[in-house]
>>> print(open('run33.txt').read())   # compact mmCIF, C-alpha atoms and all ligand atoms
# COMPACT_ATOMS: atom_id res chain seq x y z
CA MET I 258 -5.74 15.13 -27.40
CA THR I 259 -3.92 18.45 -27.69
CA SER I 260 -2.15 18.82 -30.97
CA TYR I 261 1.08 20.62 -30.09
CA ALA I 262 2.71 22.91 -32.64
CA GLN I 263 5.99 21.57 -31.28
CA THR I 264 6.74 18.45 -29.23
CA VAL I 265 9.46 18.20 -26.58
CA CYS I 266 12.63 16.13 -26.82
CA PRO I 267 12.96 13.23 -24.29
CA SER I 268 13.94 13.96 -20.69
CA ALA I 269 17.29 12.80 -19.30
CA PRO I 270 17.81 9.07 -19.97
CA GLN I 271 18.16 8.15 -16.28
CA LEU I 272 14.50 9.13 -15.76
CA ALA I 273 13.22 6.50 -18.18
CA ASP I 274 12.46 3.76 -15.63
CA LEU I 275 12.48 5.90 -12.49
CA VAL I 276 9.39 5.52 -10.32
CA PRO I 277 8.78 8.73 -8.34
CA TYR I 278 8.58 8.43 -4.56
CA ASP I 279 4.94 8.02 -3.65
CA PRO I 280 3.98 8.13 0.04
CA LYS I 281 0.47 6.87 -0.88
CA TYR I 282 -1.17 9.41 1.38
CA LEU I 283 -4.94 8.91 1.31
CA PRO I 284 -7.75 10.37 3.42
CA ALA I 285 -8.32 8.26 6.55
CA ASP I 286 -9.56 8.36 10.16
CA ALA I 287 -6.24 7.11 11.54
CA PHE I 288 -3.03 8.09 9.72
CA LEU I 289 -0.54 5.40 10.66
CA SER I 290 1.38 5.29 7.40
CA ALA I 291 4.06 8.00 7.32
CA ASN I 292 5.89 7.67 10.66
CA GLU I 293 4.73 11.08 11.79
CA ASN I 294 4.25 12.14 15.39
CA PRO I 295 0.56 11.60 16.26
CA ARG I 296 0.59 14.66 18.56
CA ASP I 297 0.62 18.03 16.83
CA VAL I 298 2.45 21.06 18.24
CA ASP I 299 0.44 22.24 21.25
CA GLU I 300 -1.50 25.51 21.58
CA GLU I 301 1.03 27.39 23.71
CA LEU I 302 3.89 26.57 21.33
CA ARG I 303 1.68 27.55 18.39
CA ARG I 304 1.11 30.95 19.99
CA GLN I 305 4.86 31.35 20.41
CA ILE I 306 5.34 30.38 16.76
CA MET I 307 2.73 32.95 15.64
CA ARG I 308 4.54 35.65 17.60
CA ALA I 309 7.84 34.67 15.95
CA LEU I 310 6.24 34.70 12.51
CA ARG I 311 5.08 38.29 13.02
CA GLU I 312 8.75 39.30 12.98
CA VAL I 313 9.51 37.59 9.65
CA ASP I 314 10.16 39.89 6.68
CA PHE I 315 8.30 38.16 3.86
CA ASN I 316 9.79 40.47 1.22
CA ARG I 317 13.38 39.52 2.12
CA TYR I 318 15.26 36.35 1.24
CA PRO I 319 15.92 34.15 4.25
CA ASP I 320 19.35 33.62 5.79
CA PRO I 321 20.66 31.07 3.25
CA LEU I 322 22.35 28.90 5.87
CA ALA I 323 19.76 29.36 8.67
CA ASN I 324 22.61 30.38 10.96
CA ASN I 325 20.51 31.02 14.08
CA LEU I 326 19.02 27.55 13.91
CA ARG I 327 22.40 26.14 12.93
CA ASP I 328 23.97 27.62 16.08
CA MET I 329 21.26 26.18 18.30
CA ILE I 330 21.71 22.70 16.80
CA ALA I 331 25.51 23.02 17.02
CA GLU I 332 25.39 23.99 20.68
CA ALA I 333 23.01 21.19 21.60
CA ASN I 334 25.28 18.67 19.91
CA GLY I 335 28.56 20.04 21.24
CA VAL I 336 29.90 20.92 17.80
CA SER I 337 30.62 24.15 15.95
CA ARG I 338 28.46 25.98 13.40
CA ASP I 339 30.59 24.79 10.48
CA GLN I 340 29.77 21.16 11.38
CA VAL I 341 26.02 21.66 10.87
CA LEU I 342 23.92 22.19 7.77
CA VAL I 343 20.15 22.67 7.76
CA GLY I 344 18.06 21.49 4.82
CA ASN I 345 14.52 21.48 3.45
CA GLY I 346 13.74 18.26 5.30
CA GLY I 347 16.16 15.38 5.48
CA ASP I 348 15.06 14.62 1.92
CA GLU I 349 16.87 17.64 0.49
CA LEU I 350 20.06 16.68 2.31
CA LEU I 351 19.80 13.10 1.04
CA PHE I 352 19.68 14.47 -2.49
CA ASP I 353 22.67 16.70 -1.71
CA ILE I 354 24.61 13.59 -0.64
CA ALA I 355 24.05 12.04 -4.06
CA LEU I 356 25.00 15.31 -5.78
CA ALA I 357 28.16 15.84 -3.76
CA TRP I 358 29.46 12.27 -3.35
CA GLY I 359 27.75 10.46 -6.25
CA GLY I 360 27.64 11.08 -9.98
CA PRO I 361 28.75 9.32 -13.15
CA GLY I 362 31.52 6.77 -12.47
CA ARG I 363 30.86 6.82 -8.72
CA LYS I 364 29.33 4.17 -6.43
CA PHE I 365 26.82 4.16 -3.59
CA LEU I 366 26.64 1.19 -1.24
CA ASN I 367 23.05 0.49 -0.20
CA MET I 368 21.69 -2.03 2.32
CA PRO I 369 18.17 -2.86 1.17
CA PRO I 370 15.44 -3.14 2.13
CA THR I 371 15.76 0.44 3.34
CA PHE I 372 14.47 3.95 2.58
CA SER I 373 13.77 3.94 -1.17
CA VAL I 374 14.70 7.61 -1.66
CA TYR I 375 18.43 6.72 -1.47
CA GLU I 376 18.25 4.58 -4.58
CA ASN I 377 16.14 7.10 -6.49
CA ASN I 378 18.68 9.84 -5.75
CA ALA I 379 21.50 7.62 -6.98
CA GLN I 380 19.62 6.90 -10.18
CA LEU I 381 18.86 10.61 -10.73
CA THR I 382 22.54 11.47 -10.44
CA ASN I 383 23.79 8.53 -12.54
CA THR I 384 25.45 6.99 -9.50
CA GLU I 385 25.97 3.22 -9.58
CA VAL I 386 24.12 1.42 -6.76
CA VAL I 387 25.94 -1.51 -5.11
CA SER I 388 23.42 -3.42 -2.98
CA VAL I 389 24.29 -5.65 -0.04
CA VAL I 390 20.95 -7.15 0.92
CA ARG I 391 20.03 -7.58 4.61
CA ASP I 392 19.63 -11.06 6.12
CA GLU I 393 16.29 -12.82 6.77
CA ASN I 394 15.78 -10.81 10.00
CA TYR I 395 16.54 -7.60 8.10
CA ASP I 396 19.81 -7.14 9.97
CA ILE I 397 22.75 -5.77 7.98
CA ASP I 398 25.00 -8.46 6.48
CA GLU I 399 27.99 -6.88 8.19
CA GLU I 400 30.67 -9.21 6.82
CA ALA I 401 29.42 -8.77 3.27
CA VAL I 402 29.36 -4.94 3.64
CA LEU I 403 32.89 -4.84 5.07
CA ALA I 404 34.13 -7.20 2.36
CA ARG I 405 32.54 -5.06 -0.33
CA VAL I 406 33.98 -1.75 0.91
CA ALA I 407 37.40 -3.44 1.15
CA GLU I 408 37.42 -3.46 -2.66
CA GLY I 409 38.07 0.27 -2.34
CA ASP I 410 35.70 1.67 -4.96
CA ILE I 411 32.71 2.85 -2.87
CA ASP I 412 32.22 6.63 -2.67
CA TYR I 413 29.39 6.75 -0.13
CA ALA I 414 27.31 4.38 1.96
CA ILE I 415 24.15 5.01 3.97
CA VAL I 416 23.52 3.14 7.22
CA THR I 417 19.97 3.81 8.41
CA SER I 418 19.75 3.51 12.16
CA PRO I 419 17.00 2.70 13.07
CA ASN I 420 16.31 1.35 9.59
CA ASN I 421 13.16 2.36 7.72
CA PRO I 422 10.98 0.34 7.13
CA THR I 423 12.38 -2.62 9.08
CA GLY I 424 12.89 -0.86 12.45
CA ARG I 425 16.14 -2.03 14.03
CA LEU I 426 19.25 -0.06 14.96
CA ALA I 427 22.56 -0.79 13.25
CA ASP I 428 25.22 -2.15 15.61
CA GLU I 429 27.55 0.61 16.81
CA GLN I 430 30.66 -1.59 16.61
CA PHE I 431 29.79 -2.37 13.00
CA ILE I 432 29.44 1.33 12.12
CA LEU I 433 32.84 2.03 13.71
CA LYS I 434 34.45 -0.85 11.79
CA LEU I 435 32.93 0.49 8.59
CA LEU I 436 34.23 4.00 9.29
CA GLU I 437 37.71 2.63 9.97
CA SER I 438 37.86 0.35 6.97
CA THR I 439 36.87 2.80 4.22
CA ASN I 440 37.40 6.44 3.34
CA ALA I 441 33.98 6.49 1.66
CA LEU I 442 31.53 8.98 3.16
CA VAL I 443 29.50 6.94 5.66
CA VAL I 444 26.12 8.55 6.24
CA VAL I 445 24.30 7.40 9.35
CA ASP I 446 20.64 8.29 8.82
CA GLU I 447 19.32 8.95 12.34
CA ALA I 448 15.88 10.25 11.27
CA TYR I 449 14.35 8.14 14.07
CA PHE I 450 17.12 8.34 16.67
CA GLU I 451 14.94 10.06 19.28
CA PHE I 452 12.92 6.83 19.51
CA SER I 453 16.00 4.64 19.92
CA ARG I 454 17.87 7.10 22.14
CA LYS I 455 21.11 5.98 20.49
CA THR I 456 23.40 8.10 18.33
CA ILE I 457 26.81 7.78 16.71
CA ARG I 458 27.46 11.50 17.38
CA PRO I 459 30.30 10.98 19.94
CA TYR I 460 32.47 9.72 17.05
CA LEU I 461 32.11 12.82 14.87
CA GLU I 462 35.46 14.20 16.00
CA ARG I 463 37.26 10.94 15.19
CA PHE I 464 36.04 10.35 11.65
CA GLU I 465 36.09 12.91 8.88
CA ASN I 466 34.07 10.43 6.77
CA LEU I 467 31.12 10.29 9.21
CA LEU I 468 27.97 12.28 8.41
CA ILE I 469 24.82 12.11 10.55
CA LEU I 470 21.39 12.95 9.15
CA ARG I 471 18.50 14.02 11.39
CA THR I 472 15.03 15.51 10.95
CA PHE I 473 12.42 17.65 12.71
CA SER I 474 9.67 15.60 10.99
CA LYS I 475 9.30 12.77 13.49
CA ALA I 476 10.01 13.41 17.17
CA PHE I 477 9.39 17.17 16.84
CA SER I 478 6.01 16.92 15.06
CA LEU I 479 7.17 19.08 12.15
CA ALA I 480 6.74 16.89 9.04
CA GLY I 481 4.58 19.63 7.48
CA VAL I 482 7.25 22.30 7.83
CA ARG I 483 10.28 20.55 6.21
CA VAL I 484 13.41 20.93 8.29
CA GLY I 485 16.27 18.48 8.62
CA TYR I 486 19.99 18.74 9.30
CA VAL I 487 23.32 17.00 8.98
CA LEU I 488 26.26 16.93 11.39
CA GLY I 489 29.70 16.28 9.92
CA ALA I 490 33.25 17.45 9.46
CA PRO I 491 33.66 21.09 8.32
CA SER I 492 35.37 19.82 5.14
CA VAL I 493 32.30 17.70 4.29
CA ILE I 494 29.78 20.43 5.15
CA ARG I 495 31.68 22.78 2.80
CA GLU I 496 31.07 20.39 -0.10
CA PHE I 497 27.37 20.24 0.72
CA ILE I 498 27.16 24.02 0.65
CA LYS I 499 28.38 23.88 -2.96
CA VAL I 500 25.50 21.69 -4.16
CA ARG I 501 22.55 22.85 -2.04
CA GLN I 502 19.83 25.22 -3.21
CA PRO I 503 20.76 28.63 -1.75
CA TYR I 504 17.41 29.42 -0.11
CA SER I 505 16.05 25.93 0.44
CA VAL I 506 15.03 26.59 4.06
CA ASP I 507 12.52 29.43 3.92
CA ALA I 508 12.22 32.11 6.60
CA VAL I 509 8.93 30.74 7.93
CA SER I 510 10.37 27.25 8.42
CA GLN I 511 13.48 28.69 10.09
CA ALA I 512 11.37 30.71 12.55
CA ILE I 513 9.12 27.75 13.38
CA ALA I 514 12.02 25.32 13.78
CA GLN I 515 13.81 27.70 16.16
CA VAL I 516 10.81 27.88 18.49
CA ILE I 517 10.40 24.10 18.37
CA TYR I 518 14.09 23.43 18.99
CA GLU I 519 14.25 25.85 21.93
CA ASN I 520 11.33 23.98 23.47
CA ARG I 521 12.35 20.49 22.44
CA ALA I 522 12.24 19.18 26.03
CA GLN I 523 8.44 19.47 25.80
CA PHE I 524 8.41 16.66 23.23
CA GLU I 525 10.00 14.18 25.65
CA PRO I 526 6.76 12.89 27.23
CA GLY I 527 5.29 12.29 23.76
CA ILE I 528 8.41 10.40 22.69
CA SER I 529 8.30 8.26 25.86
CA ALA I 530 4.61 7.52 25.23
CA ILE I 531 5.42 6.36 21.68
CA ILE I 532 8.22 4.11 22.97
CA ALA I 533 5.87 2.57 25.55
CA GLU I 534 3.12 2.09 22.96
CA ARG I 535 5.61 0.53 20.53
CA SER I 536 6.32 -2.21 23.02
CA ARG I 537 2.63 -2.78 23.75
CA VAL I 538 1.66 -2.88 20.04
CA PHE I 539 4.54 -5.29 19.35
CA ASP I 540 3.33 -7.67 22.09
CA GLU I 541 -0.25 -7.46 20.83
CA LEU I 542 0.82 -8.14 17.23
CA ARG I 543 2.78 -11.19 18.39
CA ARG I 544 -0.39 -12.63 19.88
CA ILE I 545 -2.30 -12.44 16.58
CA ALA I 546 -2.09 -15.70 14.60
CA LYS I 547 -0.20 -15.49 11.29
CA VAL I 548 1.17 -12.01 12.09
CA VAL I 549 4.96 -11.78 12.52
CA PRO I 550 6.15 -8.39 13.80
CA TYR I 551 9.83 -7.38 13.57
CA PRO I 552 11.37 -5.75 16.66
CA SER I 553 11.65 -1.97 16.29
CA ASP I 554 13.75 0.84 17.79
CA ALA I 555 11.76 3.49 15.90
CA ASN I 556 8.17 4.84 15.87
CA TYR I 557 6.78 2.14 13.57
CA ILE I 558 6.62 -1.64 13.35
CA LEU I 559 7.05 -3.79 10.25
CA PHE I 560 5.07 -7.02 10.23
CA SER I 561 4.43 -9.80 7.78
CA VAL I 562 0.99 -11.30 7.25
CA PRO I 563 -0.42 -13.58 4.54
CA GLN I 564 -2.39 -11.73 1.82
CA ALA I 565 -0.83 -8.46 2.98
CA GLN I 566 -2.31 -6.41 0.17
CA ARG I 567 -5.86 -7.55 0.96
CA VAL I 568 -5.26 -6.94 4.66
CA TRP I 569 -4.04 -3.41 3.87
CA GLN I 570 -7.15 -2.71 1.76
CA ALA I 571 -9.54 -4.10 4.38
CA LEU I 572 -7.90 -1.95 7.08
CA TYR I 573 -8.16 1.07 4.83
CA ASP I 574 -11.84 0.33 4.23
CA ARG I 575 -12.19 0.61 8.03
CA GLY I 576 -10.54 4.04 8.06
CA ILE I 577 -7.05 2.88 9.07
CA LEU I 578 -4.23 3.90 6.77
CA ILE I 579 -0.96 1.98 7.21
CA ARG I 580 1.84 1.42 4.69
CA ASP I 581 1.68 -1.41 2.19
CA LEU I 582 5.20 -2.53 1.38
CA SER I 583 4.23 -5.94 0.05
CA GLY I 584 5.00 -4.91 -3.52
CA ALA I 585 8.55 -3.82 -2.68
CA ARG I 586 11.57 -6.04 -3.24
CA HIS I 587 12.59 -8.11 -0.15
CA LEU I 588 9.40 -7.03 1.66
CA GLU I 589 6.89 -9.52 0.28
CA ASP I 590 3.90 -9.90 2.69
CA CYS I 591 5.03 -6.88 4.73
CA LEU I 592 3.02 -3.96 6.09
CA ARG I 593 4.29 -1.16 8.32
CA VAL I 594 2.27 0.56 11.00
CA THR I 595 3.30 3.86 12.59
CA ILE I 596 2.87 4.01 16.36
CA GLY I 597 0.08 6.50 17.02
CA THR I 598 -1.83 7.48 20.15
CA GLU I 599 -3.11 4.67 22.39
CA GLU I 600 -6.57 5.17 20.89
CA GLN I 601 -5.32 4.97 17.28
CA ASN I 602 -3.20 1.92 18.06
CA ASN I 603 -6.20 0.16 19.59
CA ALA I 604 -8.35 1.04 16.58
CA PHE I 605 -5.65 -0.49 14.35
CA LEU I 606 -5.25 -3.65 16.45
CA ASP I 607 -9.03 -4.20 16.73
CA ALA I 608 -9.50 -3.70 12.98
CA LEU I 609 -6.60 -6.07 12.19
CA ARG I 610 -8.12 -8.82 14.37
CA VAL I 611 -11.50 -8.42 12.63
CA VAL I 612 -9.96 -8.37 9.14
CA LEU I 613 -7.90 -11.50 9.78
CA ALA I 614 -10.88 -13.34 11.28
CA ASP I 615 -12.92 -12.47 8.16
CA LEU I 616 -10.17 -13.74 5.88
CA ALA I 617 -9.83 -16.98 7.89
CA ARG I 618 -13.60 -17.55 7.67
CA GLU I 619 -13.51 -16.97 3.94
CA GLN I 620 -10.75 -19.54 3.56
CA LEU I 621 -12.74 -22.16 5.51
CA GLN I 622 -15.72 -21.63 3.21
CA ASN I 623 -13.60 -22.15 0.07
N1 LIG I 701 15.46 9.26 6.40
C1 LIG I 701 14.56 8.31 6.67
C2 LIG I 701 15.04 6.95 7.03
C3 LIG I 701 13.19 8.60 6.59
O1 LIG I 701 12.30 7.64 6.84
C4 LIG I 701 12.78 9.90 6.25
C5 LIG I 701 11.31 10.27 6.17
N2 LIG I 701 10.48 9.37 5.63
C6 LIG I 701 13.76 10.85 5.97
C7 LIG I 701 15.09 10.50 6.07
C8 LIG I 701 13.45 12.25 5.54
O2 LIG I 701 12.55 12.89 6.32
P1 LIG I 701 12.21 14.43 6.11
O3 LIG I 701 12.49 14.77 4.68
O4 LIG I 701 10.79 14.55 6.47
O5 LIG I 701 13.13 15.16 7.03
>>> encode(input="run33.txt", output="C-alpha cells")
Amino acid sequence: MTSYAQTVCPSAPQLADLVPYDPKYLPADAFLSANENPRDVDEELRRQIMRALREVDFNRYPDPLANNLRDMIAEANGVSRDQVLVGNGGDELLFDIALAWGGPGRKFLNMPPTFSVYENNAQLTNTEVVSVVRDENYDIDEEAVLARVAEGDIDYAIVTSPNNPTGRLADEQFILKLLESTNALVVVDEAYFEFSRKTIRPYLERFENLLILRTFSKAFSLAGVRVGYVLGAPSVIREFIKVRQPYSVDAVSQAIAQVIYENRAQFEPGISAIIAERSRVFDELRRIAKVVPYPSDANYILFSVPQAQRVWQALYDRGILIRDLSGARHLEDCLRVTIGTEEQNNAFLDALRVVLADLAREQLQN
C-alpha cells in the first residue's frame, strides 16, 4: 500500500452509491451486445474519409458548434441551423439535458426499465428521479405518466422510442398528449429510429418543449467515432450551448461524420437487412422452448429465459457476446441480443439451442 503524505477529501456526496455505466465489453467472436451496426464503413467511403482527414488542421481547435455538419443535418430534417446541436455521441447530449434542465430541486420523469444512463446523469446532477415503471409487456404506463406530469412539478422527461433495452416504439398519440399536457422538456430519444422508420420530427414546429435525440452510432456504423445530435426549438438549443463542453466534437469526428452523412443513402440496404433479420431472429426465438422474446422496432431483441445468467455465460464461452440484463431492476431473467449479420445471428441461435438443451439435460439428471 502506498503511504500518501496527504490523503484526499471525499468526492461529491452524490457519487457515493453511483455505479458507473459499464457496457461489459469483452473479447468475443460475435459482438452482439452493444447494438452496433455489424457492417463497418466500406472501403470506398473509408478512402473518402481519409481524403477529408488530410485537410484537417490538427494544430487548430475545431469549429465549436460543428456548423458544416449542423447545416447538413438541419437541411435533411427541414429545420434551421439554430434547431440543431451536435454532441460527442448522444451520451454527451444526454448529460447536457441533465445539466440544463435538471439540478438540485428539479425533477426528471423516467420510465424504467430504460437506458440506465438517464438515471446516472440525474444522480450526478442532484436531480430527483420520479419513476413510472412500464407494464408487464414493457409498454409505457401512459395513464400513470400523464397523471404524474399533471402534478406540475416535472422539469424534464425522456421517452425512448424505440426503448432500449425492451425494443418497442412509444405510441405517437401518447407522446403528443404528453407534450400538450406539460411544459416540461420532453426528450424523445430516437437513437434507434432508423430501424423503426418512425419519428416525432414533424411536430418540432408545434412544441417548444419537444427535443429529439439521435446518433450516428447505430444505423451509420459510427459508434467508434462519437457523434450524436439533438433537434429542438432555438430557445432550447441556446440553453444547451451554455452547458456543453466548447470543443466536445473534435475536428476528426466532424470530418468523418460529414462524409458519412453525405453518403447516408448507402446505409439503407444494411438497415433493411437488419430489419429483415430482426423479424427472422424473433420468429426463431419464439420457437425455442422457455425463451420469450419481446417484439422490437430496433436493432436488438430482449428475451427472457430461465437461468439467464448461466445462459449468458455459456453463450460467451462459445464466443457469443450478448448483453446480460438479468441483474437489472425489472429485467429479471432478461438478455438482449443485437441483430448482427445473418451468419452471426445463426451462430447465436445455434449456440442458444445447444446451451438450453445442455441445461435441460442437466436438470433431468438432478
Ligand atoms: N440513447 C439510447 C437509447 C442508447 O441506447 C444509446 C447508446 N447505447 C444512446 C442514446 C447514446 O449513444 P451514443 O452515445 O453512442 O450516441
>>> residues_near_ligand(input="run33.txt", ligand="ligand LIG 701 (chain I)", cutoff="9 Å", atoms="only C-alpha atoms and all ligand atoms", output="MDAnalysis selection string")
chainID I and resid 280 291:293 344:351 371:375 417:422 446:449 470:475 479:486
>>> residues_around(input="run33.txt", residues="I:Thr423", least_positions_apart="6", cutoff="12 Å", atoms="all atoms listed in the file", output="number ranges by chain")
I: 368-372, 391-397, 417, 550-561, 582, 587-588, 591-595
>>> closest_atom_pairs(input="run33.txt", of="stretch 301-366 of chain I", to="stretch 490-507 of chain I", cutoff="8 Å", atoms="all atoms listed in the file", output="CSV")
residue,atom,partner,partner_atom,distance
I:Tyr318,CA,I:Tyr504,CA,7.4
I:Pro319,CA,I:Asp507,CA,5.8
I:Asp320,CA,I:Tyr504,CA,7.5
I:Pro321,CA,I:Tyr504,CA,5.0
I:Leu322,CA,I:Tyr504,CA,7.8
I:Ala323,CA,I:Val506,CA,7.2
I:Asp339,CA,I:Pro491,CA,5.3
I:Gln340,CA,I:Pro491,CA,4.9
I:Val341,CA,I:Ile494,CA,7.0
I:Leu342,CA,I:Ile494,CA,6.7
I:Val343,CA,I:Val506,CA,7.4
I:Gly344,CA,I:Val506,CA,6.0
I:Asn345,CA,I:Val506,CA,5.2
I:Leu350,CA,I:Arg501,CA,7.9
I:Asp353,CA,I:Arg501,CA,6.2
I:Ile354,CA,I:Phe497,CA,7.3
I:Leu356,CA,I:Val500,CA,6.6
I:Ala357,CA,I:Phe497,CA,6.3
>>> residues_around(input="run33.txt", residues="I:Leu436", least_positions_apart="3", cutoff="10 Å", atoms="all atoms listed in the file", output="PyMOL selection string")
chain I and resi 403+430-433+439-444+460+463-467
>>> closest_residue(input="run33.txt", among="I:Asp410, I:Glu589, I:Asp286, I:Asp297", to="I:Ala476", atoms="only C-alpha atoms")
I:Asp297
>>> residues_near_point(input="run33.txt", point="(11.2, 4.6, 22.8)", cutoff="12 Å", atoms="all atoms listed in the file", output="PyMOL selection string")
chain I and resi 419+424+449-455+476+525-537+553-557+596
>>> closest_residue(input="run33.txt", among="I:Arg425, I:Lys434, I:Thr384, I:Tyr282", to="I:Glu400", atoms="all atoms listed in the file")
I:Lys434
>>> closest_residue(input="run33.txt", among="I:Ala379, I:Leu366, I:Ile469, I:Leu613", to="I:Gly409", atoms="all atoms listed in the file")
I:Leu366
>>> atom_distance(input="run33.txt", atom1="atom CA of I:Phe524", atom2="atom CA of I:Glu429")
25.8 Å
>>> residues_around(input="run33.txt", residues="I:Gln601", least_positions_apart="6", cutoff="12 Å", atoms="only C-alpha atoms", output="PyMOL selection string")
chain I and resi 285-290+295-296+531+534+538+576-579+594-595+607-608
>>> atom_distance(input="run33.txt", atom1="atom CA of I:Asp299", atom2="atom CA of I:Tyr518")
13.9 Å
>>> closest_atom_pairs(input="run33.txt", of="stretch 370-455 of chain I", to="stretch 260-273 of chain I", cutoff="9 Å", atoms="all atoms listed in the file", output="Markdown table")
| residue | atom | partner | partner_atom | distance |
| --- | --- | --- | --- | --- |
| I:Gln380 | CA | I:Gln271 | CA | 6.4 |
| I:Leu381 | CA | I:Gln271 | CA | 6.1 |
| I:Thr382 | CA | I:Gln271 | CA | 8.0 |
| I:Asn383 | CA | I:Gln271 | CA | 6.8 |
>>> build_atoms(input="run33.txt", residues="stretch 483-490 of chain I", atoms="all heavy atoms", output="compact mmCIF listing (two decimals), keeping the file's coordinate frame")
# COMPACT_ATOMS: atom_id res chain seq x y z
N ARG I 483 9.12 20.90 7.03
CA ARG I 483 10.28 20.55 6.21
C ARG I 483 11.59 21.14 6.72
O ARG I 483 12.12 22.11 6.17
CB ARG I 483 10.07 20.97 4.73
CG ARG I 483 8.74 20.64 4.11
CD ARG I 483 8.39 19.17 4.21
NE ARG I 483 9.41 18.33 3.62
CZ ARG I 483 9.93 17.25 4.23
NH1 ARG I 483 9.53 16.88 5.43
NH2 ARG I 483 10.84 16.55 3.62
N VAL I 484 12.09 20.56 7.79
CA VAL I 484 13.41 20.93 8.29
C VAL I 484 14.16 19.67 8.71
O VAL I 484 13.65 18.83 9.44
CB VAL I 484 13.32 21.90 9.50
CG1 VAL I 484 14.72 22.27 9.98
CG2 VAL I 484 12.56 23.17 9.13
N GLY I 485 15.38 19.56 8.21
CA GLY I 485 16.27 18.48 8.62
C GLY I 485 17.67 19.04 8.73
O GLY I 485 17.91 20.20 8.38
N TYR I 486 18.61 18.24 9.23
CA TYR I 486 19.99 18.74 9.30
C TYR I 486 20.99 17.61 9.25
O TYR I 486 20.62 16.44 9.47
CB TYR I 486 20.20 19.59 10.57
CG TYR I 486 20.03 18.89 11.89
CD1 TYR I 486 21.13 18.38 12.59
CD2 TYR I 486 18.78 18.73 12.47
CE1 TYR I 486 20.98 17.76 13.82
CE2 TYR I 486 18.61 18.11 13.70
CZ TYR I 486 19.71 17.62 14.37
OH TYR I 486 19.56 17.00 15.58
N VAL I 487 22.22 17.97 8.90
CA VAL I 487 23.32 17.00 8.98
C VAL I 487 24.38 17.54 9.92
O VAL I 487 24.55 18.76 10.07
CB VAL I 487 23.95 16.70 7.60
CG1 VAL I 487 23.08 15.78 6.77
CG2 VAL I 487 24.30 17.96 6.82
N LEU I 488 25.10 16.62 10.55
CA LEU I 488 26.26 16.93 11.39
C LEU I 488 27.44 16.22 10.75
O LEU I 488 27.35 15.02 10.41
CB LEU I 488 26.08 16.38 12.81
CG LEU I 488 24.83 16.79 13.59
CD1 LEU I 488 24.76 16.00 14.92
CD2 LEU I 488 24.84 18.28 13.87
N GLY I 489 28.55 16.93 10.56
CA GLY I 489 29.70 16.28 9.92
C GLY I 489 30.95 17.12 10.08
O GLY I 489 30.95 18.16 10.76
N ALA I 490 31.99 16.71 9.42
CA ALA I 490 33.25 17.45 9.46
C ALA I 490 33.09 18.74 8.65
O ALA I 490 32.38 18.75 7.64
CB ALA I 490 34.37 16.60 8.86
